[in-house]
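Structure data follow from model_39.json (JSON, C-alpha atoms):
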[["chain", "number", "residue", "atom", "x", "y", "z"],
["B", 7, "MET", "CA", -22.59, -76.46, 27.81],
["B", 8, "LYS", "CA", -24.68, -78.47, 25.36],
["B", 9, "LYS", "CA", -27.15, -75.57, 25.00],
["B", 10, "ARG", "CA", -24.26, -73.27, 24.17],
["B", 11, "TYR", "CA", -23.13, -75.52, 21.30],
["B", 12, "ILE", "CA", -26.68, -75.72, 20.00],
["B", 13, "ALA", "CA", -26.98, -71.92, 20.10],
["B", 14, "ILE", "CA", -23.67, -71.55, 18.23],
["B", 15, "ALA", "CA", -24.77, -74.10, 15.63],
["B", 16, "ILE", "CA", -28.06, -72.26, 15.10],
["B", 17, "ALA", "CA", -26.22, -68.94, 14.76],
["B", 18, "VAL", "CA", -23.85, -70.45, 12.17],
["B", 19, "VAL", "CA", -26.77, -71.84, 10.17],
["B", 20, "VAL", "CA", -28.62, -68.50, 10.28],
["B", 21, "VAL", "CA", -25.53, -66.58, 9.17],
["B", 22, "ALA", "CA", -24.92, -69.08, 6.36],
["B", 23, "VAL", "CA", -28.54, -69.14, 5.14],
["B", 24, "LEU", "CA", -29.45, -65.44, 5.47],
["B", 25, "PRO", "CA", -27.62, -64.20, 2.34],
["B", 26, "TRP", "CA", -29.20, -66.99, 0.28],
["B", 27, "TYR", "CA", -32.64, -66.13, 1.64],
["B", 28, "ARG", "CA", -32.16, -62.48, 0.64],
["B", 29, "LEU", "CA", -31.03, -63.59, -2.82],
["B", 30, "LEU", "CA", -34.15, -65.73, -3.21],
["B", 31, "LEU", "CA", -36.35, -62.93, -1.89],
["B", 32, "TYR", "CA", -34.91, -60.07, -3.97],
["B", 33, "GLY", "CA", -33.04, -61.86, -6.75],
["B", 34, "LYS", "CA", -35.94, -62.12, -9.18],
["B", 35, "GLU", "CA", -37.25, -58.58, -8.96],
["B", 36, "THR", "CA", -37.15, -56.30, -11.99],
["B", 37, "SER", "CA", -35.17, -53.09, -12.04],
["B", 38, "THR", "CA", -38.41, -51.13, -11.66],
["B", 39, "GLU", "CA", -39.44, -53.20, -8.64],
["B", 40, "ARG", "CA", -35.97, -52.75, -7.12],
["B", 41, "ILE", "CA", -36.11, -48.95, -7.48],
["B", 42, "GLU", "CA", -39.66, -48.79, -6.13],
["B", 43, "ARG", "CA", -38.75, -51.02, -3.15],
["B", 44, "VAL", "CA", -35.56, -49.16, -2.21],
["B", 45, "CYS", "CA", -36.97, -45.64, -2.72],
["B", 46, "GLY", "CA", -40.52, -46.31, -1.55],
["B", 47, "ILE", "CA", -41.94, -44.68, -4.69],
["B", 48, "GLU", "CA", -44.09, -45.65, -7.65],
["B", 49, "LEU", "CA", -42.47, -45.14, -11.04],
["B", 50, "PRO", "CA", -44.31, -44.12, -14.21],
["B", 51, "LYS", "CA", -45.68, -47.17, -16.03],
["B", 52, "GLU", "CA", -45.21, -45.95, -19.60],
["B", 53, "MET", "CA", -41.49, -46.49, -20.02],
["B", 54, "ASP", "CA", -39.13, -49.09, -21.39],
["B", 55, "MET", "CA", -35.87, -50.13, -19.80],
["B", 56, "GLU", "CA", -32.90, -49.48, -22.11],
["B", 57, "TYR", "CA", -30.09, -50.53, -19.82],
["B", 58, "ASP", "CA", -29.81, -52.10, -16.38],
["B", 59, "TYR", "CA", -26.68, -52.74, -14.36],
["B", 60, "TYR", "CA", -26.97, -54.39, -10.96],
["B", 61, "ASN", "CA", -23.99, -55.48, -8.90],
["B", 62, "LYS", "CA", -24.77, -56.99, -5.53],
["B", 63, "ALA", "CA", -21.99, -57.88, -3.11],
["B", 64, "PHE", "CA", -22.21, -60.88, -0.81],
["B", 65, "HIS", "CA", -22.76, -58.77, 2.32],
["B", 66, "GLY", "CA", -25.73, -56.83, 0.93],
["B", 67, "ASP", "CA", -24.06, -53.78, -0.63],
["B", 68, "PHE", "CA", -25.07, -53.02, -4.18],
["B", 69, "THR", "CA", -24.79, -50.58, -7.04],
["B", 70, "SER", "CA", -27.55, -50.20, -9.58],
["B", 71, "TYR", "CA", -27.68, -48.05, -12.70],
["B", 72, "THR", "CA", -30.82, -48.12, -14.84],
["B", 73, "VAL", "CA", -31.78, -46.12, -17.93],
["B", 74, "PHE", "CA", -35.44, -45.84, -18.96],
["B", 75, "GLN", "CA", -36.96, -44.41, -22.14],
["B", 76, "LEU", "CA", -40.31, -42.81, -21.37],
["B", 77, "LYS", "CA", -43.24, -42.91, -23.76],
["B", 78, "GLU", "CA", -44.77, -39.69, -22.41],
["B", 79, "GLU", "CA", -43.73, -36.88, -20.08],
["B", 80, "PRO", "CA", -44.17, -37.96, -16.44],
["B", 81, "THR", "CA", -45.50, -34.62, -15.21],
["B", 82, "TRP", "CA", -47.16, -36.04, -12.09],
["B", 83, "PHE", "CA", -43.99, -37.92, -11.10],
["B", 84, "LEU", "CA", -41.76, -34.87, -11.54],
["B", 85, "ASN", "CA", -44.15, -32.70, -9.51],
["B", 86, "VAL", "CA", -44.71, -35.19, -6.69],
["B", 87, "HIS", "CA", -41.00, -35.80, -6.22],
["B", 88, "SER", "CA", -39.81, -32.21, -6.71],
["B", 89, "PHE", "CA", -37.28, -32.67, -9.47],
["B", 90, "LEU", "CA", -35.10, -29.58, -9.77],
["B", 91, "SER", "CA", -32.93, -28.12, -12.48],
["B", 92, "LYS", "CA", -29.41, -29.38, -12.26],
["B", 93, "GLU", "CA", -27.55, -26.75, -10.26],
["B", 94, "THR", "CA", -24.67, -28.71, -8.81],
["B", 95, "GLU", "CA", -22.26, -31.17, -10.30],
["B", 96, "TYR", "CA", -22.80, -34.77, -9.34],
["B", 97, "HIS", "CA", -19.53, -36.65, -9.42],
["B", 98, "ILE", "CA", -20.75, -40.05, -10.53],
["B", 99, "GLU", "CA", -18.13, -40.67, -13.20],
["B", 100, "ASN", "CA", -16.04, -42.82, -10.83],
["B", 101, "ILE", "CA", -19.01, -45.05, -10.09],
["B", 102, "LEU", "CA", -19.82, -45.38, -13.79],
["B", 103, "ARG", "CA", -16.20, -46.06, -14.70],
["B", 104, "ASN", "CA", -15.59, -48.52, -11.84],
["B", 105, "HIS", "CA", -18.63, -50.56, -12.82],
["B", 106, "LYS", "CA", -17.82, -50.37, -16.54],
["B", 107, "ILE", "CA", -21.11, -48.75, -17.58],
["B", 108, "PRO", "CA", -21.00, -48.19, -21.37],
["B", 109, "LYS", "CA", -20.47, -44.49, -22.17],
["B", 110, "LYS", "CA", -23.55, -44.36, -24.37],
["B", 111, "TYR", "CA", -25.65, -44.71, -21.17],
["B", 112, "TYR", "CA", -23.91, -41.92, -19.23],
["B", 113, "PRO", "CA", -26.01, -38.86, -18.37],
["B", 114, "ASP", "CA", -25.98, -36.40, -21.28],
["B", 115, "GLU", "CA", -24.25, -33.29, -19.99],
["B", 116, "GLU", "CA", -25.27, -31.24, -23.03],
["B", 117, "ASN", "CA", -29.06, -31.46, -22.60],
["B", 118, "GLU", "CA", -31.31, -29.97, -19.94],
["B", 119, "CYS", "CA", -31.46, -32.20, -16.91],
["B", 120, "LEU", "CA", -33.74, -32.33, -13.87],
["B", 121, "VAL", "CA", -32.33, -34.07, -10.81],
["B", 122, "LYS", "CA", -33.75, -35.57, -7.64],
["B", 123, "GLU", "CA", -31.82, -37.03, -4.72],
["B", 124, "PHE", "CA", -33.66, -39.72, -2.83],
["B", 125, "MET", "CA", -32.52, -40.59, 0.68],
["B", 126, "PRO", "CA", -34.64, -43.69, 1.36],
["B", 127, "ARG", "CA", -35.66, -44.43, 4.94],
["B", 128, "ASP", "CA", -36.56, -47.67, 6.67],
["B", 129, "LYS", "CA", -39.91, -48.30, 8.39],
["B", 130, "ASN", "CA", -38.67, -46.46, 11.49],
["B", 131, "GLY", "CA", -37.65, -43.36, 9.53],
["B", 132, "ARG", "CA", -33.91, -44.04, 9.71],
["B", 133, "TYR", "CA", -31.74, -43.44, 6.65],
["B", 134, "ASN", "CA", -31.06, -46.87, 5.13],
["B", 135, "GLY", "CA", -27.61, -46.09, 3.66],
["B", 136, "VAL", "CA", -28.61, -46.18, 0.00],
["B", 137, "TYR", "CA", -27.94, -43.06, -2.05],
["B", 138, "VAL", "CA", -30.21, -42.59, -5.06],
["B", 139, "LEU", "CA", -29.85, -40.02, -7.82],
["B", 140, "ALA", "CA", -32.56, -39.75, -10.45],
["B", 141, "PHE", "CA", -31.93, -37.80, -13.64],
["B", 142, "TYR", "CA", -34.66, -36.80, -16.07],
["B", 143, "PHE", "CA", -33.83, -35.45, -19.52],
["B", 144, "PRO", "CA", -36.89, -33.70, -21.04],
["B", 145, "ASP", "CA", -35.31, -33.41, -24.52],
["B", 146, "THR", "CA", -34.82, -37.15, -24.86],
["B", 147, "ALA", "CA", -37.51, -38.34, -22.39],
["B", 148, "LYS", "CA", -35.02, -40.48, -20.48],
["B", 149, "PHE", "CA", -34.82, -41.37, -16.80],
["B", 150, "ILE", "CA", -31.60, -42.55, -15.21],
["B", 151, "PHE", "CA", -31.57, -43.99, -11.71],
["B", 152, "LEU", "CA", -28.28, -44.52, -9.89],
["B", 153, "MET", "CA", -28.44, -46.33, -6.55],
["B", 154, "ASP", "CA", -25.33, -46.88, -4.44],
["B", 155, "ILE", "CA", -24.51, -47.77, -0.85],
["B", 156, "MET", "CA", -23.05, -44.76, 0.97]]
Please rewrite the model in this file as structure tokens.
Amino acid sequence: MKKRYIAIAIAVVVVAVLPWYRLLLYGKETSTERIERVCGIELPKEMDMEYDYYNKAFHGDFTSYTVFQLKEEPTWFLNVHSFLSKETEYHIENILRNHKIPKKYYPDEENECLVKEFMPRDKNGRYNGVYVLAFYFPDTAKFIFLMDIM
């Protein structure tokens, strides 16, 4: 009986400490590091972050919306990750509105846009539940990354 109480106490401590450990582990990363970690990709180095929104819930869910201004065209990145011309509508307005993203950082519907969907996988190849949309606007040299839990 005493072992059972000890096991319950340990489980309670682990459950209480785990979210704080994750916060310490991932809380200080930059937006670029977060995107690279979640997607398993390397982003172009020659870009400046214009806007970053990150909302992390207590139980691990999060939404992230980051806008980058590139200093040069990332040809290698676009080719490696097979960005395609925008052919379908992506209904992200609800996400942007619900998280109160300023309208000046919304994707520009008037300019040409290349889009890539990333479906990140864990180390075992299983889909990790994060949905990532990357938009590239050649006319303005901007990247927008939207990450959301599905």
Top pick for closest residue to B:Leu139, considering B:Met153, B:Met53, B:Leu76, B:Cys119 and counting all atoms listed in the file: B:Met153
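The coordinates place atom CA of B:Lys77 at 23.2 Å from atom CA of B:Phe124.
Atom CA of B:Asp54 sits 24.1 Å away from atom CA of B:Glu99.
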Would you list the residues near (-35.3, -32.7, -10.2) (no more than 8 Å away, in the coordinates of the file, using all atoms listed in the file) as a ChimeraX atom specification? /B:84,87-92,119-123,140-142
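Comparing B:Thr69, B:Thr146, B:Gln75, B:Asn104 by their smallest distance to B:Lys51, the closest is B:Gln75 (using only C-alpha atoms).
Note that atom CA of B:Ile150 and atom CA of B:Lys106 are 15.9 Å apart.
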I want to know what sits within 12 Å of stretch 33-45 of chain B, based on all atoms listed in the file, with residues of the same chain fewer than 3 positions away left out; could you give that as a PyMOL selection string? chain B and resi 25-30+48-62+66+68-74+87+122-129+133-140+149-155
